[in-house]
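J.: Next comes coords37.csv, CSV, C-alpha atoms and all ligand atoms:
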chain,number,residue,atom,x,y,z
I,1,MET,CA,126.7,180.4,101.9
I,2,ALA,CA,123.0,179.6,102.0
I,3,LYS,CA,123.0,179.4,98.2
I,4,VAL,CA,125.9,176.9,98.3
I,5,PHE,CA,123.9,174.8,100.8
I,6,ALA,CA,120.8,174.9,98.6
I,7,HIS,CA,122.9,173.7,95.6
I,8,LEU,CA,124.4,170.9,97.7
I,9,ARG,CA,120.9,169.8,98.8
I,10,THR,CA,119.8,169.7,95.2
I,11,ILE,CA,122.8,167.7,94.1
I,12,ALA,CA,122.4,165.3,97.1
I,13,GLY,CA,118.7,164.9,96.3
I,14,ALA,CA,119.5,164.1,92.6
I,15,LEU,CA,122.1,161.6,93.6
I,16,ALA,CA,119.7,159.9,96.1
I,17,LEU,CA,117.1,159.7,93.4
I,18,ALA,CA,119.6,158.2,90.9
I,19,PHE,CA,120.7,155.6,93.5
I,20,VAL,CA,117.1,154.5,94.1
I,21,VAL,CA,116.5,154.2,90.4
I,22,VAL,CA,119.7,152.2,89.8
I,23,THR,CA,119.1,149.8,92.7
I,24,ALA,CA,115.5,149.3,91.9
I,25,GLN,CA,116.2,148.2,88.4
I,26,PRO,CA,118.2,145.0,89.0
I,27,SER,CA,115.3,143.0,90.4
I,28,ALA,CA,115.1,141.5,86.9
I,29,ALA,CA,118.9,141.0,86.8
I,30,GLN,CA,118.7,139.1,90.1
I,31,GLN,CA,116.6,136.4,88.4
I,32,PRO,CA,118.7,133.5,87.3
I,33,SER,CA,118.0,134.1,83.6
I,34,SER,CA,116.3,136.4,81.2
I,35,VAL,CA,112.9,135.0,82.3
I,36,ASN,CA,110.8,137.7,83.8
I,37,PRO,CA,108.3,136.0,86.1
I,38,THR,CA,105.9,138.9,86.1
I,39,ALA,CA,105.7,139.1,82.3
I,40,ASP,CA,102.5,137.9,80.8
I,41,ALA,CA,104.2,135.9,78.1
I,42,VAL,CA,106.2,133.7,80.5
I,43,LYS,CA,105.1,130.1,80.3
I,44,GLU,CA,104.6,128.1,83.5
I,45,GLN,CA,106.9,125.4,82.2
I,46,GLN,CA,109.7,127.9,81.6
I,47,LEU,CA,109.3,129.1,85.2
I,48,LEU,CA,109.5,125.6,86.6
I,49,GLN,CA,112.7,124.9,84.6
I,50,LYS,CA,114.3,128.0,86.0
I,51,PHE,CA,113.1,127.9,89.6
I,52,LYS,CA,112.5,124.2,90.1
I,53,MET,CA,109.5,125.3,92.3
I,54,ILE,CA,106.9,127.9,92.2
I,55,GLN,CA,106.5,129.3,95.7
I,56,GLY,CA,104.2,132.0,96.9
I,57,LEU,CA,104.0,133.9,100.2
I,58,GLY,CA,101.9,133.0,103.2
I,59,THR,CA,101.1,134.1,106.7
I,60,ILE,CA,100.6,130.7,108.4
I,61,PRO,CA,103.6,129.0,110.1
I,62,ASP,CA,103.5,126.0,107.8
I,63,THR,CA,105.9,127.1,105.0
I,64,LYS,CA,105.4,123.9,103.0
I,65,SER,CA,101.9,125.3,102.2
I,66,TYR,CA,103.5,128.2,100.3
I,67,VAL,CA,104.8,125.8,97.5
I,68,LEU,CA,102.3,126.0,94.7
I,69,GLU,CA,104.1,123.7,92.2
I,70,HIS,CA,107.2,121.5,91.9
I,71,PRO,CA,108.2,119.2,89.1
I,72,ALA,CA,108.6,116.1,91.4
I,73,GLY,CA,104.9,116.4,92.1
I,74,ARG,CA,104.3,116.0,88.4
I,75,GLU,CA,106.3,112.8,88.3
I,76,TRP,CA,104.4,111.6,91.4
I,77,ARG,CA,101.1,112.4,89.7
I,78,GLU,CA,102.2,110.6,86.5
I,79,PHE,CA,103.1,107.5,88.6
I,80,ARG,CA,99.8,107.6,90.5
I,81,THR,CA,97.6,108.0,87.5
I,82,VAL,CA,99.4,105.9,85.0
I,83,THR,CA,102.2,103.6,86.3
I,84,LEU,CA,100.5,102.4,89.5
I,85,LYS,CA,97.4,101.5,87.5
I,86,TRP,CA,99.5,99.3,85.2
I,87,ILE,CA,101.3,97.7,88.1
I,88,GLY,CA,97.9,97.0,89.8
I,89,GLY,CA,96.2,95.8,86.6
I,90,ILE,CA,99.0,93.5,85.6
I,91,SER,CA,99.5,92.0,89.1
I,92,ILE,CA,95.9,91.5,90.0
I,93,LEU,CA,94.5,90.5,86.6
I,94,GLY,CA,97.7,88.5,85.9
I,95,MET,CA,97.2,86.5,89.2
I,96,LEU,CA,93.5,85.9,88.4
I,97,ALA,CA,94.5,84.7,84.9
I,98,LEU,CA,97.2,82.4,86.3
I,99,LEU,CA,94.8,80.9,88.9
I,100,ALA,CA,92.2,80.4,86.2
I,101,ILE,CA,94.7,78.6,84.0
I,102,PHE,CA,95.9,76.5,87.0
I,103,TYR,CA,92.3,75.6,87.9
I,104,LEU,CA,91.6,74.5,84.3
I,105,TRP,CA,94.8,72.4,84.2
I,106,ARG,CA,94.6,70.9,87.7
I,107,GLY,CA,91.0,71.3,88.9
I,108,SER,CA,90.2,71.2,92.5
I,109,ILE,CA,92.7,69.0,94.4
I,110,LYS,CA,90.6,66.1,95.7
I,111,ILE,CA,91.0,64.2,98.9
I,112,GLU,CA,92.9,60.9,98.1
I,113,GLY,CA,90.7,58.0,99.0
I,114,GLY,CA,87.7,60.3,99.7
I,115,ARG,CA,86.5,61.5,103.0
I,116,SER,CA,87.0,59.3,106.0
I,117,GLY,CA,84.0,60.6,107.9
I,118,ARG,CA,86.3,61.4,110.9
I,119,THR,CA,87.6,64.8,111.7
I,120,ILE,CA,90.3,66.5,113.8
I,121,LEU,CA,90.5,70.0,115.1
I,122,ARG,CA,92.9,72.1,113.0
I,123,PHE,CA,92.2,75.7,114.2
I,124,ASN,CA,90.5,76.6,117.5
I,125,GLY,CA,87.9,79.3,117.9
I,126,PHE,CA,90.5,82.0,118.8
I,127,GLU,CA,92.7,81.2,115.8
I,128,ARG,CA,89.7,81.4,113.5
I,129,PHE,CA,88.5,84.6,115.0
I,130,VAL,CA,91.9,86.2,114.5
I,131,HIS,CA,92.1,84.9,110.9
I,132,TRP,CA,88.7,86.3,110.0
I,133,LEU,CA,89.3,89.6,111.7
I,134,THR,CA,92.4,90.0,109.5
I,135,ALA,CA,90.8,88.6,106.4
I,136,THR,CA,87.6,90.7,106.5
I,137,SER,CA,89.5,93.9,107.3
I,138,PHE,CA,92.0,93.1,104.6
I,139,VAL,CA,89.3,92.5,102.0
I,140,ILE,CA,87.5,95.8,102.9
I,141,LEU,CA,90.8,97.7,103.0
I,142,GLY,CA,91.6,96.2,99.6
I,143,LEU,CA,88.3,97.1,98.0
I,144,THR,CA,88.2,100.7,99.4
I,145,GLY,CA,91.9,101.1,98.5
I,146,LEU,CA,91.2,100.0,94.9
I,147,ASN,CA,88.4,102.5,94.7
I,148,ILE,CA,91.0,105.2,95.5
I,149,SER,CA,93.2,104.0,92.7
I,150,PHE,CA,90.7,102.8,90.1
I,151,GLY,CA,87.3,104.2,91.2
I,152,ARG,CA,87.3,107.3,89.1
I,153,ARG,CA,88.2,105.3,85.9
I,154,LEU,CA,86.0,102.2,86.5
I,155,LEU,CA,83.1,103.2,88.7
I,156,LEU,CA,82.4,106.9,88.1
I,157,PRO,CA,81.3,106.3,84.4
I,158,LEU,CA,78.7,103.8,85.7
I,159,MET,CA,77.4,105.9,88.6
I,160,ASP,CA,75.8,109.2,89.4
I,161,PRO,CA,78.7,111.5,90.2
I,162,GLN,CA,77.1,112.6,93.5
I,163,ALA,CA,76.6,109.0,94.6
I,164,PHE,CA,80.1,108.1,93.6
I,165,SER,CA,81.5,111.0,95.6
I,166,THR,CA,79.5,110.2,98.7
I,167,ALA,CA,80.3,106.5,98.5
I,168,SER,CA,84.0,107.3,98.0
I,169,GLU,CA,84.1,109.6,101.0
I,170,TRP,CA,82.6,106.8,103.2
I,171,ALA,CA,85.0,104.3,101.7
I,172,LYS,CA,87.9,106.5,102.6
I,173,TYR,CA,86.8,106.8,106.2
I,174,THR,CA,86.3,103.1,106.3
I,175,HIS,CA,89.8,102.6,104.9
I,176,ASN,CA,91.3,104.9,107.5
I,177,TYR,CA,89.6,103.4,110.6
I,178,LEU,CA,89.6,99.7,109.6
I,179,SER,CA,93.4,99.8,109.3
I,180,PHE,CA,93.4,99.5,113.1
I,181,ALA,CA,91.4,96.2,113.1
I,182,PHE,CA,93.8,94.9,110.4
I,183,ILE,CA,96.8,95.8,112.5
I,184,ILE,CA,95.4,94.0,115.6
I,185,GLY,CA,94.6,91.0,113.5
I,186,VAL,CA,98.0,90.8,111.8
I,187,VAL,CA,99.9,91.3,115.1
I,188,LEU,CA,97.8,88.6,116.8
I,189,MET,CA,98.3,86.3,113.8
I,190,PHE,CA,102.0,86.8,113.9
I,191,LEU,CA,102.3,86.0,117.7
I,192,MET,CA,99.9,83.1,117.4
I,193,TRP,CA,101.6,81.3,114.5
I,194,LEU,CA,105.2,82.5,114.7
I,195,GLY,CA,106.3,79.3,116.4
I,196,GLN,CA,105.0,77.0,113.6
I,197,ASN,CA,106.5,79.1,110.8
I,198,PHE,CA,110.2,78.5,111.2
I,199,PRO,CA,111.8,76.4,108.4
I,200,THR,CA,112.3,72.6,109.0
I,201,ALA,CA,113.8,69.8,107.0
I,202,ALA,CA,110.3,68.7,105.8
I,203,ASP,CA,110.0,72.1,104.0
I,204,VAL,CA,112.9,71.2,101.7
I,205,GLU,CA,111.1,67.9,100.9
I,206,TRP,CA,107.8,69.7,100.4
I,207,LEU,CA,109.4,72.2,98.0
I,208,LYS,CA,111.2,69.4,96.1
I,209,ALA,CA,107.8,67.6,95.7
I,210,GLY,CA,106.4,70.8,94.3
I,211,GLY,CA,104.0,71.0,97.2
I,212,GLY,CA,102.1,68.0,95.8
I,213,MET,CA,100.4,70.4,93.5
I,214,GLY,CA,101.1,68.4,90.3
I,215,LYS,CA,98.8,65.9,88.8
I,216,GLY,CA,98.9,62.4,90.3
I,217,HIS,CA,100.8,63.0,93.5
I,218,THR,CA,99.2,64.9,96.4
I,219,ASN,CA,101.6,63.9,99.1
I,220,ALA,CA,104.4,66.2,100.3
I,221,PRO,CA,105.5,66.2,103.9
I,222,ALA,CA,104.4,69.0,106.2
I,223,HIS,CA,104.0,69.8,109.9
I,224,LYS,CA,101.2,72.1,110.9
I,225,PHE,CA,102.1,74.5,108.0
I,226,ASN,CA,103.8,73.5,104.8
I,227,ALA,CA,106.7,75.4,103.2
I,228,GLY,CA,104.3,77.3,100.9
I,229,GLN,CA,102.2,78.5,103.8
I,230,LYS,CA,105.4,79.5,105.7
I,231,ILE,CA,106.5,81.6,102.7
I,232,LEU,CA,103.1,83.2,102.6
I,233,PHE,CA,103.2,83.9,106.4
I,234,TRP,CA,106.5,85.7,106.1
I,235,LEU,CA,105.4,87.6,103.0
I,236,ILE,CA,102.3,88.7,104.9
I,237,VAL,CA,104.4,89.9,107.9
I,238,LEU,CA,106.7,91.8,105.5
I,239,ALA,CA,104.0,93.3,103.4
I,240,SER,CA,101.8,94.2,106.4
I,241,THR,CA,104.7,96.0,108.1
I,242,ALA,CA,105.3,98.0,104.9
I,243,MET,CA,101.6,98.8,104.6
I,244,ILE,CA,101.3,99.8,108.2
I,245,ILE,CA,104.4,102.1,108.2
I,246,SER,CA,103.5,103.8,104.9
I,247,GLY,CA,99.8,103.9,105.8
I,248,PHE,CA,100.5,105.7,109.1
I,249,MET,CA,102.8,108.2,107.3
I,250,LEU,CA,99.7,109.0,105.1
I,251,LEU,CA,97.3,109.0,107.9
I,252,PHE,CA,99.4,111.5,110.0
I,253,PRO,CA,101.1,113.5,107.2
I,254,PHE,CA,104.3,115.6,107.8
I,255,TYR,CA,105.0,114.3,111.3
I,256,TYR,CA,108.6,113.7,112.3
I,257,GLY,CA,109.9,116.4,110.0
I,258,LEU,CA,108.7,114.5,106.8
I,259,GLY,CA,108.5,116.7,103.7
I,260,VAL,CA,106.4,116.7,100.6
I,261,GLY,CA,108.9,114.3,98.9
I,262,ASP,CA,108.6,111.8,101.7
I,263,MET,CA,104.8,111.9,101.5
I,264,GLU,CA,105.0,111.2,97.8
I,265,LEU,CA,107.3,108.3,98.4
I,266,ALA,CA,105.1,106.9,101.1
I,267,GLU,CA,102.1,107.1,98.8
I,268,ILE,CA,103.9,105.3,96.0
I,269,PHE,CA,105.2,102.6,98.3
I,270,HIS,CA,101.8,102.1,99.9
I,271,GLY,CA,100.1,101.7,96.5
I,272,VAL,CA,102.7,99.3,94.9
I,273,VAL,CA,102.9,97.0,98.0
I,274,ALA,CA,99.1,97.0,98.2
I,275,MET,CA,98.7,95.8,94.6
I,276,LEU,CA,101.2,93.0,95.1
I,277,PHE,CA,99.7,92.1,98.5
I,278,ILE,CA,96.2,91.8,97.0
I,279,ALA,CA,97.6,89.5,94.2
I,280,LEU,CA,99.3,87.3,96.8
I,281,ILE,CA,96.1,87.0,98.9
I,282,LEU,CA,94.1,86.1,95.8
I,283,ALA,CA,96.3,83.0,95.4
I,284,HIS,CA,95.8,82.2,99.1
I,285,ILE,CA,92.0,82.6,98.8
I,286,TYR,CA,92.0,80.3,95.8
I,287,LEU,CA,93.8,77.5,97.6
I,288,GLY,CA,91.6,77.9,100.7
I,289,THR,CA,88.4,77.6,98.7
I,290,LEU,CA,88.2,76.4,95.0
I,291,GLY,CA,91.7,74.9,94.8
I,292,GLU,CA,91.6,72.3,97.5
I,293,GLU,CA,88.6,70.1,98.5
I,294,GLY,CA,88.2,70.2,102.3
I,295,ALA,CA,90.5,73.1,103.0
I,296,PHE,CA,87.9,75.7,103.8
I,297,GLU,CA,86.6,73.7,106.7
I,298,ALA,CA,89.9,74.4,108.6
I,299,MET,CA,88.8,78.0,108.9
I,300,GLY,CA,85.1,77.4,108.7
I,301,THR,CA,84.2,75.0,111.5
I,302,GLY,CA,87.8,74.4,112.5
I,303,ASP,CA,87.5,70.6,112.0
I,304,VAL,CA,89.0,68.9,109.0
I,305,ASP,CA,88.6,65.4,107.6
I,306,VAL,CA,91.4,63.1,108.7
I,307,ASN,CA,92.1,61.9,105.2
I,308,TRP,CA,92.5,65.5,104.0
I,309,ALA,CA,94.8,66.2,106.9
I,310,LYS,CA,96.9,63.1,106.1
I,311,ASP,CA,97.1,64.2,102.4
I,312,HIS,CA,98.4,67.7,103.2
I,313,TYR,CA,99.9,67.6,106.7
I,314,ASN,CA,101.0,64.1,107.4
I,315,LEU,CA,103.6,65.0,110.1
I,316,TRP,CA,101.1,67.2,111.9
I,317,VAL,CA,98.5,64.4,112.0
I,318,GLU,CA,101.3,62.1,113.5
I,319,GLU,CA,102.2,64.8,116.1
I,320,GLU,CA,98.5,65.3,117.0
I,321,SER,CA,98.0,61.5,117.4
I,322,GLY,CA,101.2,61.3,119.5
I,323,ARG,CA,99.8,64.1,121.8
I,324,GLY,CA,96.7,62.0,122.3
I,325,ALA,CA,94.3,64.1,120.2
I,326,SER,CA,91.5,61.8,119.0
I,327,ALA,CA,89.6,62.1,115.8
I,328,ARG,CA,85.9,62.6,116.0
I,329,THR,CA,83.5,60.6,113.9
I,330,GLN,CA,81.3,62.9,111.8
I,331,PRO,CA,77.6,62.2,112.0
I,332,ALA,CA,76.3,60.7,108.7
I,333,GLU,CA,74.4,63.2,106.6
Q,401,LIG,C1,89.0,86.4,102.6
Q,401,LIG,C2,89.4,85.3,102.1
Q,401,LIG,C3,90.2,84.3,102.8
Q,401,LIG,C4,89.9,83.0,102.8
Q,401,LIG,C5,88.7,82.3,102.1
Q,401,LIG,C6,91.0,82.3,103.6
Q,401,LIG,C7,91.0,80.9,103.8
Q,401,LIG,C8,91.9,80.3,104.6
Q,401,LIG,C9,91.9,78.9,104.9
Q,401,LIG,C10,90.9,77.9,104.5
Q,401,LIG,C11,93.0,78.7,105.7
Q,401,LIG,C12,93.4,77.3,106.3
Q,401,LIG,C13,94.5,76.6,105.6
Q,401,LIG,C14,95.0,75.4,106.3
Q,401,LIG,O1,94.2,74.6,106.7
Q,401,LIG,O2,96.2,75.4,106.6
Q,401,LIG,C15,93.7,79.9,105.9
Q,401,LIG,C16,94.9,80.1,106.6
Q,401,LIG,C17,95.6,81.3,106.7
Q,401,LIG,N1,95.2,82.5,106.2
Q,401,LIG,FE1,93.5,82.9,105.1
Q,401,LIG,N2,91.9,83.2,104.0
Q,401,LIG,C18,91.5,84.5,103.6
Q,401,LIG,C19,92.1,85.7,103.8
Q,401,LIG,C20,93.3,85.8,104.4
Q,401,LIG,C21,94.0,87.1,104.6
Q,401,LIG,C22,93.5,88.4,104.0
Q,401,LIG,C23,95.1,86.8,105.3
Q,401,LIG,C24,96.2,87.8,105.7
Q,401,LIG,C25,96.4,89.0,105.3
Q,401,LIG,C26,95.2,85.4,105.6
Q,401,LIG,C27,96.2,84.8,106.2
Q,401,LIG,C28,96.2,83.4,106.5
Q,401,LIG,C29,97.3,82.7,107.1
Q,401,LIG,C30,98.6,83.4,107.6
Q,401,LIG,C31,96.9,81.4,107.3
Q,401,LIG,C32,97.7,80.2,107.9
Q,401,LIG,C33,98.7,79.7,106.9
Q,401,LIG,C34,98.1,79.4,105.5
Q,401,LIG,O3,97.1,78.6,105.4
Q,401,LIG,O4,98.6,80.0,104.6
Q,401,LIG,N3,94.0,84.8,105.0
Q,401,LIG,N4,93.0,80.9,105.2
Could I get this file's structure written as structure tokens?
Ligand code: HEM
T.:
Amino acid sequence: MAKVFAHLRTIAGALALAFVVVTAQPSAAQQPSSVNPTADAVKEQQLLQKFKMIQGLGTIPDTKSYVLEHPAGREWREFRTVTLKWIGGISILGMLALLAIFYLWRGSIKIEGGRSGRTILRFNGFERFVHWLTATSFVILGLTGLNISFGRRLLLPLMDPQAFSTASEWAKYTHNYLSFAFIIGVVLMFLMWLGQNFPTAADVEWLKAGGGMGKGHTNAPAHKFNAGQKILFWLIVLASTAMIISGFMLLFPFYYGLGVGDMELAEIFHGVVAMLFIALILAHIYLGTLGEEGAFEAMGTGDVDVNWAKDHYNLWVEEESGRGASARTQPAE
């Protein structure tokens, strides 16, 4: 009897061993194809095609960090390093070229009849403070942002790598923190000028007259802001909202259950809107400086020449006179 049991134990042992061998083999068969991920000859690209993602193991709770590679990340990198640069280059350089052509054709728009020597207040101190808070933070955000997109290609070859790296690190901190100043400026600007930026009948006339931009006629009717400025105002509101939302997604990554794909989308969106926004503001800067004689004073001292105001904002001048606002005589130089 003992012998029979000994035989049975031997047979059971052999069967168990056979079971282990048979069930251990199929690990390769469980893979979706003939690709063996552990084989030396397997190419990374083949693996990506089969598995869509290369994921490792980890011990920290953030399982996203286990993903080593995924093909969408490659598309994102391609967009960032190639497509975004083209979008930025075309929109920014294209706008500069258009402005240069416009300037050569039209020159600076002069005050019809010359300066009157009398001024009226166009923007008070608070309005100018809010404008310059927004403008300076925008310009610095724009330059530090462009360094993120183009710095490696354009600046690094001209600089000591260590200096470029230190400057870029500081630029990035500046970009992150200055976003708050920009948000404060844009929100105040929105509240301050919202009432004067709704469409009126005069805007239709202004648009029909081409804003008085053509040669020979400078008069197109406008209240405090003309139709072009109103369009700019709403584009600024729209673009700033897009920049703020996508910027905060990048500043506080993976909050609210956002995944890697959402972060990539936010980054692409932030970059594309930024390039278009910069191009738009370049046009605004041109009109506020080179493009129009007398315009800068509105945001400089706040006082503008009465003849300039009549040329560009005739209805506003009438409203101001009706409210009893008196023009001041400028002291002779
Ligand atoms: C840094 C260069 C800038 C310059 C030289 C500049 C210049 C000016 C000037 C002269 C005006 C007065 C125009 C008038 O009398 O109606 C103005 C108005 C205004 N600016 Fe700027 N600006 C700059 C940047 C910005 C930025 C970055 C923003 C917003 C992101 C902005 C938003 C506005 C808005 C909404 C107005 C009122 C409506 C208008 O004139 O379009 N500006 N700016």
J.: Hey, what's within 9 Å of I:Phe123 if we count all atoms listed in the file and toss same-chain stuff fewer than 2 positions away? As a PDB file with C-alpha atoms, in the coordinates of the input, please?
T.:
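And here's out_20.pdb as it stands now:
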ATOM      1  CA  LEU I 121      90.500  70.000 115.100  1.00  0.00           C
ATOM      2  CA  GLY I 125      87.900  79.300 117.900  1.00  0.00           C
ATOM      3  CA  PHE I 126      90.500  82.000 118.800  1.00  0.00           C
ATOM      4  CA  GLU I 127      92.700  81.200 115.800  1.00  0.00           C
ATOM      5  CA  ARG I 128      89.700  81.400 113.500  1.00  0.00           C
ATOM      6  CA  ALA I 298      89.900  74.400 108.600  1.00  0.00           C
ATOM      7  CA  MET I 299      88.800  78.000 108.900  1.00  0.00           C
ATOM      8  CA  THR I 301      84.200  75.000 111.500  1.00  0.00           C
ATOM      9  CA  GLY I 302      87.800  74.400 112.500  1.00  0.00           C
ATOM     10  CA  ASP I 303      87.500  70.600 112.000  1.00  0.00           C
TER      11      ASP I 303
END
J.: Which residues of chain I come within 7 Å of ligand LIG 401 (chain Q), and for each one, what is the closest pair of atoms and their distance in Å to one decimal, counting all atoms listed in the file, sorted by chain and residue number, as CSV?
T.:
residue,atom,partner,partner_atom,distance
I:Arg122,CA,Q:LIG401,O1,6.9
I:His131,CA,Q:LIG401,N1,6.1
I:Thr134,CA,Q:LIG401,C24,5.8
I:Ala135,CA,Q:LIG401,C22,3.6
I:Thr136,CA,Q:LIG401,C1,6.0
I:Phe138,CA,Q:LIG401,C22,5.0
I:Val139,CA,Q:LIG401,C1,6.1
I:Val186,CA,Q:LIG401,C25,6.9
I:Met189,CA,Q:LIG401,C30,6.9
I:Phe225,CA,Q:LIG401,O2,6.1
I:Gln229,CA,Q:LIG401,O4,4.0
I:Lys230,CA,Q:LIG401,C33,6.8
I:Leu232,CA,Q:LIG401,O4,5.9
I:Phe233,CA,Q:LIG401,C30,4.8
I:Ile236,CA,Q:LIG401,C25,5.9
I:Ile281,CA,Q:LIG401,C22,5.9
I:His284,CA,Q:LIG401,N2,6.3
I:Ile285,CA,Q:LIG401,C4,4.5
I:Gly288,CA,Q:LIG401,C10,3.9
I:Thr289,CA,Q:LIG401,C5,5.8
I:Ala295,CA,Q:LIG401,C10,5.0
I:Phe296,CA,Q:LIG401,C10,3.8
I:Glu297,CA,Q:LIG401,C10,6.4
I:Ala298,CA,Q:LIG401,O1,4.7
I:Met299,CA,Q:LIG401,C10,4.9
J.: What's the separation between atom CA of I:Val82 and atom CA of I:Gly151, in Å to one decimal place?
T.: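 Atom CA of I:Gly151 lies at a distance of 13.7 Å from atom CA of I:Val82.
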J.: Would you mind listing what lies within 7 Å of stretch 171-177 of chain I as a ChimeraX atom specification, with only C-alpha atoms counted and same-chain residues fewer than 3 positions away left out?
T.: /I:141,144-145,167-168,180
J.: Counting all atoms listed in the file, which residue out of I:Ile268, I:Val317, I:Ala97, I:Val304 sits closest to I:Thr83?
T.: I:Ile268
J.: How far is it from atom CA of I:Thr200 to atom CA of I:Lys110, in Å with one decimal?
T.: 26.3 Å
J.: Please, which residues are within 9 Å of (92.2, 85.0, 90.8) by the file's coordinates, counting all atoms listed in the file, and could they come as a PyMOL selection string?
T.: chain I and resi 92-100+279+282-283+285-286
J.: Skipping near chain neighbours, those fewer than 3 positions away, what residues fall within 9 Å of I:Asp203 using all atoms listed in the file, listed as a list in words?
T.: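 Once the nearby chain positions are removed, what remains is Pro199, Thr200, Trp206, Leu207, Lys208, Ala220, Pro221, Ala222, His223, Asn226, Ala227, Gly228 and Lys230 of chain I.
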